[in-house]
Amino acid sequence: SYVSRSHFDAQRYMEVGKPADVNVVTGWLGRHLSLVPPIRSDAPLRALGLDNGLQKSLVGGPKTLPISNPAGFTIGGAANTTAARQAVLQADYAAASAPLNTSALDAINTIALLQAVNFNGYAPMNGAAYPNTHFGRALRSVATLIRADVGIEAAQVDIGGWDTHAAQGGVTGALSTLTGDFATSLAAFYADVVATNARVTVVAISEFGRNARENGSQGTDHGRATTMFAMGQGIAGGR
């Protein structure tokens, strides 16, 4: 349909960073990472998308992986043979040709890196309390990596469910629950990380807005405008 096609194009253009150019296949954040030197030259992981597949924004970024749950990132299979299988892969890919060996070894080294980070024991600062939701847990994982200072330069976390065409609800409805999760998760991340680290900036964007008028299904339809939120110690806020 026209609506779904428009939705797809808007999301792609937003994440690519350039409209109507099919020749651009990388994302704006991936291109940025490819053009600047790493914060830590020995970091096996510079950026991650907390999802099962790499978000378009990060495509093209060096040492960038999709990792839905950093705390559980490992080689699949029996736990008692993980170390042995990892050693075999490390030795095997070390002898492979570039760029296969570099990519494989970065992934293997990333497993070791993340296993050394204490995700479960992480203690947020300033009394920050992350909601026990997918979005809240993902931001907590990002905070853990930032505080561990392992060389992470960028991370993308998605929160879905905004296509509220029907049964949007009131103050206790579906949209209220979703916006509450979004707000409290970001508030926790702000108190925990942004307020204490001038090098961290958060940008929240959506590919389209919602119509303010309620439709016949007690929901709202697609709108033509949206809002971008940015927060950080370098942001001139309140506008």
# chains A, B, ... in the order shown; residues from 1 in each chain; ligands from 1
call {"tool": "residues_around", "arguments": {"residues": "A:Asp158", "least_positions_apart": "3", "cutoff": "10 Å", "atoms": "only C-alpha atoms", "output": "NGL selection string"}}
result
:A and (49-51 or 55 or 134-135 or 138-139 or 204-206)
call {"tool": "atom_distance", "arguments": {"atom1": "atom CA of A:Val194", "atom2": "atom CA of A:Val142"}}
result
11.8 Å
call {"tool": "closest_residue", "arguments": {"among": "A:Pro70, A:Gly136, A:Gly76, A:Gly209", "to": "A:Gln115", "atoms": "only C-alpha atoms"}}
result
A:Pro70
call {"tool": "residues_around", "arguments": {"residues": "A:Val150", "least_positions_apart": "2", "cutoff": "10 Å", "atoms": "only C-alpha atoms", "output": "list of chain:residue names"}}
result
A:Ile39, A:Arg40, A:Asp42, A:Ala43, A:Pro44, A:Leu45, A:Arg46, A:Leu113, A:Leu114, A:Val117, A:Thr144, A:Leu145, A:Ile146, A:Arg147, A:Ala148, A:Ile152, A:Glu153
call {"tool": "atom_distance", "arguments": {"atom1": "atom CA of A:Phe119", "atom2": "atom CA of A:Ala188"}}
result
16.2 Å
call {"tool": "select_by_dssp", "arguments": {"residues": "stretch 6-237 of chain A", "states": "alpha helix (DSSP H)", "output": "VMD selection string"}}
result
chain A and resid 6 to 16 28 to 35 82 to 94 100 to 115 134 to 148 174 to 192
call {"tool": "residues_around", "arguments": {"residues": "A:Asn197", "least_positions_apart": "4", "cutoff": "10 Å", "atoms": "only C-alpha atoms", "output": "list in words"}}
result
Ile146, Arg147, Tyr190, Asp192, Val193, Thr201, Gly232 and Gln233 of chain A
call {"tool": "write_last_selection", "arguments": {"atoms": "N, CA and C atoms", "output": "PDB file, in the first residue's frame"}}
result
ATOM      1  N   ILE A 146      29.323   1.453  28.631  1.00  0.00           N
ATOM      2  CA  ILE A 146      29.945   2.773  28.695  1.00  0.00           C
ATOM      3  C   ILE A 146      30.777   2.904  29.965  1.00  0.00           C
ATOM      4  N   ARG A 147      30.202   2.494  31.072  1.00  0.00           N
ATOM      5  CA  ARG A 147      30.906   2.602  32.349  1.00  0.00           C
ATOM      6  C   ARG A 147      32.097   1.645  32.423  1.00  0.00           C
ATOM      7  N   TYR A 190      19.640   8.856  31.714  1.00  0.00           N
ATOM      8  CA  TYR A 190      20.152  10.211  31.915  1.00  0.00           C
ATOM      9  C   TYR A 190      20.815  10.338  33.287  1.00  0.00           C
ATOM     10  N   ASP A 192      21.915   8.020  35.234  1.00  0.00           N
ATOM     11  CA  ASP A 192      23.012   7.070  35.405  1.00  0.00           C
ATOM     12  C   ASP A 192      24.248   7.449  34.604  1.00  0.00           C
ATOM     13  N   VAL A 193      24.036   7.892  33.368  1.00  0.00           N
ATOM     14  CA  VAL A 193      25.160   8.076  32.442  1.00  0.00           C
ATOM     15  C   VAL A 193      25.326   9.518  31.970  1.00  0.00           C
ATOM     16  N   THR A 201      25.969  11.486  24.299  1.00  0.00           N
ATOM     17  CA  THR A 201      24.798  12.193  23.778  1.00  0.00           C
ATOM     18  C   THR A 201      23.765  11.166  23.332  1.00  0.00           C
ATOM     19  N   GLY A 232      22.126  15.633  26.445  1.00  0.00           N
ATOM     20  CA  GLY A 232      23.537  15.472  26.726  1.00  0.00           C
ATOM     21  C   GLY A 232      24.043  16.771  27.323  1.00  0.00           C
ATOM     22  N   GLN A 233      25.196  16.716  27.938  1.00  0.00           N
ATOM     23  CA  GLN A 233      25.734  17.920  28.563  1.00  0.00           C
ATOM     24  C   GLN A 233      26.140  18.957  27.523  1.00  0.00           C
TER      25      GLN A 233
END
call {"tool": "closest_residue", "arguments": {"among": "A:Ile75, A:Val171, A:Ala225, A:Leu54", "to": "A:Asn109", "atoms": "only C-alpha atoms"}}
result
A:Ile75
call {"tool": "closest_residue", "arguments": {"among": "A:Thr172, A:Phe208, A:Phe73, A:Asp149", "to": "A:Gln11", "atoms": "only C-alpha atoms"}}
result
A:Phe208
call {"tool": "atom_distance", "arguments": {"atom1": "atom CA of A:Gly77", "atom2": "atom CA of A:Ser103"}}
result
21.1 Å
call {"tool": "select_by_dssp", "arguments": {"residues": "stretch 30-77 of chain A", "states": "strand (DSSP E or B)", "output": "list in words"}}
result
Ala47, Leu48, Gly49, Thr64, Leu65 and Pro66 of chain A
call {"tool": "closest_residue", "arguments": {"among": "A:Ala98, A:Ala71, A:Val22, A:Val203", "to": "A:Arg140", "atoms": "only C-alpha atoms"}}
result
A:Ala71
call {"tool": "residues_around", "arguments": {"residues": "A:Asn215", "least_positions_apart": "5", "cutoff": "9 Å", "atoms": "only C-alpha atoms", "output": "NGL selection string"}}
result
:A and (165-166 or 220-221)
call {"tool": "closest_residue", "arguments": {"among": "A:Thr133, A:Ala154, A:Ser141, A:Met228", "to": "A:His32", "atoms": "only C-alpha atoms"}}
result
A:Ala154
